[in-house]
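Text of the file upload31.csv, holding CSV, C-alpha atoms and all ligand atoms:
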chain,number,residue,atom,x,y,z
A,1,MET,CA,-35.5,100.7,-40.8
A,2,ILE,CA,-32.5,98.5,-41.6
A,3,ARG,CA,-31.7,94.8,-41.4
A,4,ARG,CA,-29.6,93.6,-38.5
A,5,ALA,CA,-28.1,90.1,-37.8
A,6,VAL,CA,-29.2,89.1,-34.3
A,7,ILE,CA,-27.9,86.0,-32.4
A,8,THR,CA,-31.0,83.9,-31.7
A,9,GLY,CA,-29.3,80.7,-30.5
A,10,THR,CA,-26.0,79.5,-29.3
A,11,GLY,CA,-24.6,75.9,-28.8
A,12,HIS,CA,-21.4,74.1,-28.2
A,13,TYR,CA,-19.8,70.7,-28.0
A,14,LEU,CA,-16.6,69.6,-26.3
A,15,PRO,CA,-15.1,66.1,-26.9
A,16,GLU,CA,-15.5,63.7,-23.9
A,17,ARG,CA,-11.8,63.3,-23.2
A,18,VAL,CA,-10.5,65.9,-20.7
A,19,VAL,CA,-6.7,66.2,-20.4
A,20,GLU,CA,-5.4,67.9,-17.3
A,21,ASN,CA,-2.1,69.8,-17.4
A,22,SER,CA,-0.5,67.1,-15.2
A,23,TRP,CA,-0.9,64.7,-18.2
A,24,PHE,CA,2.0,66.5,-19.9
A,25,GLU,CA,4.4,66.3,-16.9
A,26,ASP,CA,5.8,62.8,-17.6
A,27,LYS,CA,6.0,63.3,-21.4
A,28,LEU,CA,7.7,66.7,-21.5
A,29,ASP,CA,9.9,69.0,-19.4
A,30,THR,CA,6.9,71.1,-18.2
A,31,SER,CA,4.7,71.4,-15.2
A,32,ASP,CA,1.1,72.1,-14.2
A,33,GLU,CA,2.4,75.2,-12.4
A,34,TRP,CA,4.2,76.6,-15.5
A,35,ILE,CA,1.2,76.1,-17.8
A,36,ARG,CA,-1.3,77.6,-15.2
A,37,THR,CA,0.8,80.7,-14.4
A,38,ARG,CA,2.0,81.5,-17.9
A,39,THR,CA,-1.3,80.8,-19.7
A,40,GLY,CA,-4.2,80.3,-17.3
A,41,ILE,CA,-4.9,76.9,-18.9
A,42,GLU,CA,-5.8,74.0,-16.5
A,43,ARG,CA,-7.2,71.5,-18.8
A,44,ARG,CA,-8.5,71.0,-22.4
A,45,HIS,CA,-10.6,68.5,-24.4
A,46,PHE,CA,-9.1,66.2,-27.1
A,47,ALA,CA,-11.2,64.6,-29.8
A,48,ALA,CA,-11.4,60.8,-29.8
A,49,GLU,CA,-9.8,58.8,-32.5
A,50,GLY,CA,-12.0,59.1,-35.6
A,51,GLU,CA,-13.9,62.1,-34.2
A,52,THR,CA,-13.6,64.9,-36.8
A,53,THR,CA,-14.0,68.6,-36.9
A,54,SER,CA,-17.4,68.3,-38.7
A,55,ASP,CA,-18.5,65.8,-36.0
A,56,LEU,CA,-17.9,68.5,-33.4
A,57,GLY,CA,-19.5,71.1,-35.6
A,58,ILE,CA,-22.7,69.1,-36.1
A,59,ARG,CA,-23.2,68.7,-32.3
A,60,ALA,CA,-22.7,72.4,-31.6
A,61,ALA,CA,-25.0,73.2,-34.6
A,62,ARG,CA,-27.8,71.0,-33.3
A,63,ALA,CA,-27.6,72.6,-29.9
A,64,ALA,CA,-27.8,76.1,-31.4
A,65,LEU,CA,-30.7,75.1,-33.6
A,66,ASP,CA,-32.5,73.7,-30.6
A,67,LYS,CA,-31.9,76.9,-28.6
A,68,ALA,CA,-33.3,79.0,-31.5
A,69,GLY,CA,-36.2,76.6,-32.0
A,70,LEU,CA,-35.3,76.0,-35.6
A,71,GLN,CA,-35.0,73.1,-38.0
A,72,PRO,CA,-32.0,72.7,-40.3
A,73,ASP,CA,-34.1,73.6,-43.4
A,74,ASP,CA,-35.0,76.9,-41.8
A,75,LEU,CA,-31.4,78.0,-42.5
A,76,ASP,CA,-30.3,79.7,-45.6
A,77,GLY,CA,-26.6,78.8,-45.1
A,78,ILE,CA,-23.7,77.7,-43.0
A,79,VAL,CA,-20.4,79.5,-42.6
A,80,LEU,CA,-17.9,77.4,-40.7
A,81,ALA,CA,-14.6,78.8,-39.4
A,82,THR,CA,-11.8,76.2,-39.2
A,83,SER,CA,-8.1,75.6,-39.9
A,84,THR,CA,-8.4,71.9,-39.2
A,85,PRO,CA,-11.1,70.7,-41.7
A,86,ASP,CA,-11.8,67.0,-42.1
A,87,PHE,CA,-10.4,67.0,-45.6
A,88,THR,CA,-8.7,69.4,-48.0
A,89,PHE,CA,-12.1,69.5,-49.7
A,90,PRO,CA,-15.0,69.5,-49.6
A,91,ALA,CA,-15.6,72.2,-47.0
A,92,ALA,CA,-16.3,70.9,-43.5
A,93,ALA,CA,-19.4,73.1,-43.6
A,94,THR,CA,-20.9,70.9,-46.3
A,95,MET,CA,-20.4,67.9,-44.0
A,96,VAL,CA,-22.2,69.7,-41.2
A,97,GLN,CA,-24.9,70.5,-43.7
A,98,ALA,CA,-25.3,66.8,-44.7
A,99,GLY,CA,-25.0,65.7,-41.1
A,100,LEU,CA,-27.8,68.0,-40.0
A,101,GLY,CA,-30.0,66.7,-42.9
A,102,MET,CA,-30.2,70.2,-44.3
A,103,THR,CA,-31.4,70.0,-48.0
A,104,ARG,CA,-31.2,73.6,-49.1
A,105,GLY,CA,-29.0,76.7,-48.8
A,106,PHE,CA,-25.2,77.0,-49.1
A,107,ALA,CA,-22.3,75.9,-46.9
A,108,PHE,CA,-18.7,77.1,-47.0
A,109,ASP,CA,-15.6,77.3,-44.8
A,110,VAL,CA,-13.7,80.4,-43.7
A,111,GLN,CA,-10.0,80.1,-42.8
A,112,ALA,CA,-8.5,82.9,-40.6
A,113,VAL,CA,-7.1,80.7,-37.9
A,114,CYS,CA,-7.9,81.9,-34.4
A,115,ALA,CA,-9.6,85.0,-35.8
A,116,GLY,CA,-11.8,82.7,-38.0
A,117,PHE,CA,-15.0,83.1,-36.1
A,118,VAL,CA,-14.9,86.9,-36.1
A,119,PHE,CA,-14.3,86.8,-39.9
A,120,ALA,CA,-17.1,84.2,-40.4
A,121,MET,CA,-19.5,86.3,-38.4
A,122,ALA,CA,-18.6,89.4,-40.4
A,123,ASN,CA,-19.3,87.5,-43.6
A,124,ALA,CA,-22.7,86.3,-42.4
A,125,ASP,CA,-23.6,89.7,-41.1
A,126,ALA,CA,-22.8,91.3,-44.5
A,127,MET,CA,-25.0,88.7,-46.3
A,128,ILE,CA,-27.9,89.3,-43.9
A,129,ARG,CA,-27.7,93.1,-44.0
A,130,SER,CA,-27.6,93.1,-47.8
A,131,GLY,CA,-30.8,91.0,-47.9
A,132,GLN,CA,-29.2,87.9,-49.5
A,133,VAL,CA,-30.2,85.7,-46.6
A,134,ASP,CA,-32.4,85.7,-43.5
A,135,ARG,CA,-30.8,83.0,-41.3
A,136,VAL,CA,-27.2,81.7,-41.2
A,137,LEU,CA,-25.6,79.2,-38.9
A,138,VAL,CA,-22.0,80.4,-38.0
A,139,ILE,CA,-19.8,77.7,-36.5
A,140,GLY,CA,-16.2,77.6,-35.2
A,141,ALA,CA,-14.9,74.1,-35.0
A,142,GLU,CA,-11.4,72.8,-34.5
A,143,THR,CA,-9.3,69.7,-33.8
A,144,PHE,CA,-6.0,71.3,-33.2
A,145,SER,CA,-4.8,68.1,-31.4
A,146,ARG,CA,-4.3,66.7,-34.9
A,147,ILE,CA,-1.6,69.3,-35.8
A,148,MET,CA,0.4,69.4,-32.6
A,149,ASP,CA,4.1,68.4,-32.4
A,150,TRP,CA,3.9,66.4,-29.1
A,151,THR,CA,7.6,66.9,-28.5
A,152,ASP,CA,7.3,70.8,-28.5
A,153,ARG,CA,6.4,71.9,-25.0
A,154,THR,CA,6.1,75.5,-26.2
A,155,THR,CA,2.9,74.7,-28.3
A,156,CYS,CA,1.3,71.4,-27.5
A,157,VAL,CA,0.2,72.3,-24.0
A,158,LEU,CA,-1.7,75.3,-25.3
A,159,PHE,CA,-4.4,73.9,-27.6
A,160,GLY,CA,-7.7,72.0,-27.3
A,161,ASP,CA,-10.5,70.7,-29.5
A,162,GLY,CA,-14.1,71.8,-29.6
A,163,ALA,CA,-16.9,73.6,-31.4
A,164,GLY,CA,-19.3,76.5,-30.9
A,165,ALA,CA,-22.1,77.7,-33.0
A,166,VAL,CA,-24.5,80.7,-33.2
A,167,ILE,CA,-27.6,81.3,-35.3
A,168,LEU,CA,-27.8,84.8,-36.9
A,169,GLU,CA,-31.2,85.9,-37.9
A,170,ALA,CA,-32.3,89.1,-39.8
A,171,GLN,CA,-34.4,91.5,-37.7
A,172,GLU,CA,-35.4,95.0,-38.4
A,173,GLY,CA,-33.6,97.8,-36.5
A,174,LYS,CA,-33.7,101.5,-36.4
A,175,GLY,CA,-30.2,101.9,-37.8
A,176,ASP,CA,-28.6,103.3,-34.6
A,177,ASN,CA,-26.6,101.6,-31.9
A,178,SER,CA,-29.6,100.9,-29.8
A,179,ASP,CA,-30.5,98.1,-32.2
A,180,ARG,CA,-30.0,94.4,-31.3
A,181,GLY,CA,-27.5,92.4,-33.3
A,182,ILE,CA,-24.1,93.0,-34.9
A,183,LEU,CA,-23.4,96.7,-34.8
A,184,ALA,CA,-19.8,96.8,-36.3
A,185,CYS,CA,-16.9,94.6,-37.3
A,186,ASP,CA,-13.2,95.4,-37.8
A,187,LEU,CA,-11.0,92.9,-39.7
A,188,HIS,CA,-7.2,92.9,-40.4
A,189,SER,CA,-4.5,90.7,-41.8
A,190,ASP,CA,-0.8,91.2,-42.3
A,191,GLY,CA,0.8,88.3,-44.2
A,192,LYS,CA,4.4,89.5,-43.6
A,193,TYR,CA,4.1,87.9,-40.1
A,194,ARG,CA,3.6,84.4,-41.5
A,195,ASP,CA,6.6,83.0,-39.8
A,196,LEU,CA,5.4,83.9,-36.3
A,197,LEU,CA,2.6,81.3,-36.4
A,198,TYR,CA,2.0,78.7,-39.1
A,199,VAL,CA,1.6,75.0,-39.9
A,200,ASP,CA,4.7,73.5,-41.7
A,201,GLY,CA,2.8,71.5,-44.2
A,202,GLY,CA,0.0,71.8,-46.8
A,203,VAL,CA,-1.4,70.6,-50.1
A,204,SER,CA,0.8,72.6,-52.5
A,205,THR,CA,4.0,72.5,-50.4
A,206,THR,CA,4.7,69.2,-48.6
A,207,GLY,CA,1.5,67.3,-49.4
A,208,THR,CA,1.0,66.7,-45.7
A,209,ALA,CA,-1.1,68.3,-43.0
A,210,GLY,CA,1.9,69.5,-41.1
A,211,GLN,CA,2.4,70.6,-37.5
A,212,LEU,CA,1.9,74.0,-35.8
A,213,ARG,CA,4.9,76.2,-35.2
A,214,MET,CA,4.8,79.4,-33.2
A,215,GLN,CA,7.1,82.0,-31.9
A,216,GLY,CA,4.9,82.5,-28.8
A,217,ASN,CA,6.5,85.5,-27.2
A,218,LEU,CA,6.4,87.5,-30.5
A,219,VAL,CA,2.7,86.6,-31.1
A,220,PHE,CA,2.0,87.6,-27.5
A,221,ARG,CA,3.4,91.1,-28.2
A,222,HIS,CA,1.3,91.5,-31.3
A,223,ALA,CA,-1.8,90.3,-29.5
A,224,VAL,CA,-1.4,92.7,-26.6
A,225,GLU,CA,-0.9,95.6,-29.1
A,226,LYS,CA,-3.5,94.7,-31.7
A,227,LEU,CA,-6.5,93.3,-29.8
A,228,ALA,CA,-7.4,96.4,-27.8
A,229,LYS,CA,-6.8,98.5,-30.9
A,230,THR,CA,-9.2,96.5,-33.1
A,231,ALA,CA,-11.8,96.4,-30.2
A,232,HIS,CA,-11.6,100.2,-29.9
A,233,ALA,CA,-11.9,100.5,-33.7
A,234,ALA,CA,-15.1,98.4,-33.8
A,235,LEU,CA,-16.6,100.3,-30.9
A,236,ASP,CA,-15.8,103.6,-32.7
A,237,LYS,CA,-17.6,102.3,-35.8
A,238,ALA,CA,-20.6,101.4,-33.6
A,239,GLY,CA,-20.5,104.8,-32.0
A,240,LEU,CA,-19.9,103.2,-28.6
A,241,THR,CA,-17.2,103.7,-25.9
A,242,PRO,CA,-15.5,101.0,-23.8
A,243,GLY,CA,-17.5,102.4,-20.8
A,244,GLU,CA,-20.7,101.1,-22.5
A,245,VAL,CA,-19.4,97.6,-22.9
A,246,ASP,CA,-21.1,95.0,-20.7
A,247,TRP,CA,-19.1,91.9,-21.8
A,248,LEU,CA,-15.8,91.2,-23.4
A,249,VAL,CA,-15.9,87.8,-25.0
A,250,PRO,CA,-12.3,87.3,-26.1
A,251,HIS,CA,-10.4,84.6,-28.0
A,252,GLN,CA,-9.2,82.3,-25.3
A,253,ALA,CA,-5.5,81.9,-26.0
A,254,ASN,CA,-3.8,83.1,-22.8
A,255,LEU,CA,-5.2,84.7,-19.6
A,256,ARG,CA,-2.3,87.2,-19.6
A,257,ILE,CA,-3.3,88.4,-23.1
A,258,ILE,CA,-6.9,88.6,-22.1
A,259,SER,CA,-6.2,90.6,-18.9
A,260,ALA,CA,-3.9,93.0,-20.7
A,261,THR,CA,-6.5,93.6,-23.4
A,262,ALA,CA,-9.2,94.2,-20.7
A,263,GLN,CA,-6.9,96.5,-18.9
A,264,LYS,CA,-6.2,98.5,-22.0
A,265,MET,CA,-10.0,98.8,-22.6
A,266,GLY,CA,-10.5,99.9,-19.0
A,267,LEU,CA,-12.8,96.8,-18.3
A,268,PRO,CA,-12.8,95.0,-15.0
A,269,MET,CA,-12.3,91.2,-15.2
A,270,GLU,CA,-15.9,90.7,-13.9
A,271,LYS,CA,-17.0,91.8,-17.4
A,272,VAL,CA,-14.8,89.3,-19.2
A,273,VAL,CA,-16.0,85.8,-20.2
A,274,LEU,CA,-13.3,83.3,-19.4
A,275,THR,CA,-13.2,79.7,-20.6
A,276,VAL,CA,-9.5,79.4,-21.2
A,277,ALA,CA,-8.9,77.4,-17.9
A,278,ASP,CA,-11.2,74.6,-19.0
A,279,HIS,CA,-10.9,74.7,-22.8
A,280,GLY,CA,-7.4,75.8,-23.6
A,281,ASN,CA,-7.0,77.6,-27.0
A,282,THR,CA,-9.5,76.1,-29.4
A,283,SER,CA,-8.7,78.6,-32.1
A,284,ALA,CA,-11.7,79.5,-34.2
A,285,ALA,CA,-14.0,77.6,-31.8
A,286,SER,CA,-13.0,79.6,-28.7
A,287,ILE,CA,-15.3,82.7,-29.1
A,288,PRO,CA,-18.5,80.7,-30.0
A,289,LEU,CA,-17.7,78.3,-27.2
A,290,ALA,CA,-17.4,81.2,-24.7
A,291,LEU,CA,-20.5,82.8,-26.0
A,292,SER,CA,-22.5,79.5,-25.7
A,293,VAL,CA,-21.1,78.8,-22.2
A,294,ALA,CA,-21.9,82.3,-20.9
A,295,ASP,CA,-25.4,82.3,-22.6
A,296,GLY,CA,-26.1,78.9,-21.1
A,297,GLU,CA,-25.4,80.4,-17.6
A,298,GLY,CA,-27.8,83.2,-18.4
A,299,ARG,CA,-25.1,85.9,-18.0
A,300,PHE,CA,-26.1,88.0,-21.0
A,301,LYS,CA,-29.2,90.2,-20.6
A,302,PRO,CA,-31.2,91.6,-23.5
A,303,GLY,CA,-29.6,95.0,-24.5
A,304,ASP,CA,-26.1,94.1,-23.2
A,305,VAL,CA,-23.2,95.3,-25.4
A,306,LEU,CA,-20.7,92.5,-26.2
A,307,VAL,CA,-17.3,92.8,-27.8
A,308,THR,CA,-15.4,89.9,-29.3
A,309,GLU,CA,-11.8,90.0,-30.4
A,310,ALA,CA,-9.3,87.5,-31.7
A,311,ILE,CA,-5.8,87.2,-33.3
A,312,GLY,CA,-4.1,84.2,-34.9
A,313,GLY,CA,-2.0,82.9,-37.7
A,314,GLY,CA,-1.5,85.2,-40.7
A,315,LEU,CA,-1.4,87.3,-38.7
A,316,SER,CA,-5.1,87.9,-38.9
A,317,TRP,CA,-7.1,89.7,-36.3
A,318,GLY,CA,-10.4,91.5,-35.7
A,319,SER,CA,-13.3,92.4,-33.5
A,320,ALA,CA,-17.1,92.5,-33.6
A,321,VAL,CA,-19.5,94.6,-31.4
A,322,LEU,CA,-23.0,93.4,-30.9
A,323,ARG,CA,-26.0,94.1,-28.8
A,324,TRP,CA,-27.5,91.0,-27.2
B,1,LIG,N1,6.7,74.3,-19.9
B,1,LIG,C1,7.8,74.8,-19.3
B,1,LIG,N2,8.6,75.8,-19.9
B,1,LIG,C2,8.2,76.3,-21.1
B,1,LIG,C3,7.0,75.8,-21.7
B,1,LIG,C4,6.3,74.8,-21.1
B,1,LIG,N3,5.2,74.2,-21.6
B,1,LIG,N4,6.9,76.4,-22.9
B,1,LIG,C5,7.9,77.3,-23.0
B,1,LIG,N5,8.7,77.2,-21.9
B,1,LIG,C6,9.9,77.9,-21.6
B,1,LIG,C7,10.6,78.4,-22.8
B,1,LIG,O1,11.4,77.4,-23.4
B,1,LIG,C8,11.5,79.6,-22.2
B,1,LIG,O2,12.6,79.0,-21.6
B,1,LIG,P1,14.0,79.8,-21.7
B,1,LIG,O3,13.8,81.1,-21.1
B,1,LIG,O4,14.9,78.8,-21.0
B,1,LIG,O5,14.3,79.9,-23.2
B,1,LIG,C9,10.6,80.1,-21.1
B,1,LIG,O6,9.6,79.1,-20.9
B,1,LIG,C10,9.9,81.4,-21.6
B,1,LIG,O7,9.3,81.2,-22.9
B,1,LIG,P2,8.4,82.3,-23.6
B,1,LIG,O8,8.0,81.8,-24.9
B,1,LIG,O9,9.1,83.7,-23.5
B,1,LIG,O10,7.2,82.4,-22.5
B,1,LIG,P3,6.0,83.3,-22.5
B,1,LIG,O11,5.8,83.9,-21.2
B,1,LIG,O12,5.9,84.2,-23.7
B,1,LIG,O13,4.8,82.2,-22.7
B,1,LIG,C11,3.3,81.5,-24.4
B,1,LIG,C12,4.7,81.4,-23.9
B,1,LIG,C13,2.3,80.9,-23.4
B,1,LIG,C14,3.2,80.7,-25.7
B,1,LIG,C15,2.9,82.9,-24.7
B,1,LIG,O14,3.9,83.6,-25.4
B,1,LIG,C16,1.6,83.1,-25.5
B,1,LIG,O15,0.5,82.8,-25.1
B,1,LIG,N6,1.8,83.6,-26.8
B,1,LIG,C17,0.6,83.9,-27.6
B,1,LIG,C18,-0.1,82.7,-28.1
B,1,LIG,C19,-1.3,83.1,-29.0
B,1,LIG,O16,-2.0,84.0,-28.6
B,1,LIG,N7,-1.3,82.7,-30.2
B,1,LIG,C20,-2.3,83.2,-31.1
B,1,LIG,C21,-3.5,82.4,-31.3
B,1,LIG,S1,-3.0,80.8,-31.8
B,1,LIG,C22,-3.5,80.5,-33.4
B,1,LIG,O17,-3.8,81.4,-34.2
B,1,LIG,C23,-3.4,79.1,-34.0

Could I get this file's structure written as C-alpha cells?
Amino acid sequence: MIRRAVITGTGHYLPERVVENSWFEDKLDTSDEWIRTRTGIERRHFAAEGETTSDLGIRAARAALDKAGLQPDDLDGIVLATSTPDFTFPAAATMVQAGLGMTRGFAFDVQAVCAGFVFAMANADAMIRSGQVDRVLVIGAETFSRIMDWTDRTTCVLFGDGAGAVILEAQEGKGDNSDRGILACDLHSDGKYRDLLYVDGGVSTTGTAGQLRMQGNLVFRHAVEKLAKTAHAALDKAGLTPGEVDWLVPHQANLRIISATAQKMGLPMEKVVLTVADHGNTSAASIPLALSVADGEGRFKPGDVLVTEAIGGGLSWGSAVLRW
C-alpha cells in the first residue's frame, strides 16, 4: 500500500463585477468580435477596490472546506499559487490561514505564474506521499487586473480575477494507476524565455509592482508545442495513454491553444472543461476554478482520469494526471 493525495473538496470564488468584452470597445482600438474569435473570451470578473488576492482565496477555501466537510484546523497546511499577492511579504497563504481562523499547520506561496497551481499541487502531493502531512489546502488566487497596462490592447483584454481551491487528503492506494488521487506530475521551466512574458517591475528592480508585458504570438507557439508534450509525459509516468483520459482540465488562456492541445492529444472537445469564455485568463486560479465549476456541475465521476496542464511566465509549464 502507498499513500496517494486525493481531491476531497473543490471550491471557487469570482468577484461580483463582471466585465463584458464590449466594455473595452470605447477605451481601446478593439472589438468584442476580435476578442471572441482570437481568444474565446467573452467576459471576465474584476476584483472590487480594496478586494485582495487573499480575500478571494479565503472565499474559495471556505467553499472547498465545506465541500470536504472539514474545519480549518483539520488542515495541516496551505499552499497558495499566485503572482499577485497582497503584499511582497508575508505570503498571501498566511493571510488566508488567518482569515480562515486556522491556528495550526503551515502556509506558503508558490510562484510559477499561470503554471502555479500545477506546481503547488505537485508540492502538496509530494508532502502527502512522503508522510509529512495528511491534509493540504491548495489554492490558486489572482488579481491580475492590478498589473494590467490599460492602454495595451494586446494584454489587458485577456486577464481576469478569481480564486479556486482544492483539498488534498492522504488515502491508501495499491500503488498502481487504478488508485484514486494524483498519479503523476511533470514540471518544467526555462528562464531564457523571460522576455516573452514578464512584469516590468519588482522589489529589487524598480521598487514598484509593475505591469504585465507579453509577446503573445511567441508565447502562443510555445504553448501549443509544450502543453501536449508535458501532458503526454505525465500520462507516460502514470502508465496511461491519452485514450484513457476522461477529462482535460487545461489552463484557460486561449480557446485556440486549448483546442490545439486537445487535438494533439487526440481528445474531442466534449472531454475538455472550458471556462475561458466566462473567466478569461485568471493565471494560477484558472485550473482550480475550472475543476470547481465542473465538479459543481457533477461532471466528474469516481474513477475518471483527469489531466491538467498549464504554461506561463518563466517560461514555466507542467501537467498533472489524477484519478477522480
Ligand atoms: N484587439 C484588436 N486587435 C488586437 C488586439 C485586440 N485586443 N490585440 C492584438 N491585436 C492585433 C495586433 O496588434 C496585431 O495587429 P497587426 O497585425 O496590425 O500587428 C494582430 O491583432 C495580430 O496579433 P497577434 O499577437 O499575432 O495575435 P494572435 O492571434 O497571436 O493573438 C493572443 C494574440 C490572443 C495574445 C495570443 O497570441 C495568445 O493567446 N497568446 C498566448 C497567451 C498565453 O497563453 N499566455 C500564457 C499564460 S499568461 C501568464 O502566464 C501570465

Please return as a PyMOL selection string the residues found within 6 Å of ligand LIG 1 (chain B), counting all atoms listed in the file.
chain A and resi 30-31+34-35+38-39+113-114+153-154+157+216-217+219-220+253-254+283+311-313

Near Ser259 in chain A, counting all atoms listed in the file, which residues have an atom at most 9 Å away, once you skip same-chain residues fewer than 6 positions from it, shown as a PyMOL selection string?
chain A and resi 268-269+272

Given the point (-11.3, 97.1, -37.9) in the file's coordinates, find the residues that have an atom at most 10 Å from it, counting all atoms listed in the file, and give them as a list in words.
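Residues lying no farther than 10 Å from the given point: Ala184, Cys185, Asp186, Leu187, His188, Lys229, Thr230, Ala231, His232, Ala233, Ala234, Leu235, Asp236, Lys237, Trp317, Gly318, Ser319 and Ala320 of chain A.
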
From the options A:Ala68, A:Val276, A:Met148, A:Val224, which residue's atoms come nearest to Val136 in chain A, counting only C-alpha atoms?
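When distances to Val136 in chain A are compared using only C-alpha atoms, the smallest one comes from A:Ala68.
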
So which one's closest to Leu291 in chain A, A:Leu168, A:Ala228, A:Pro250, A:Asp134? Using only C-alpha atoms, please.
A:Pro250

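Computed from the coordinates, the CA of Thr206 in chain A to CA of Ala285 in chain A distance equals 26.5 Å.
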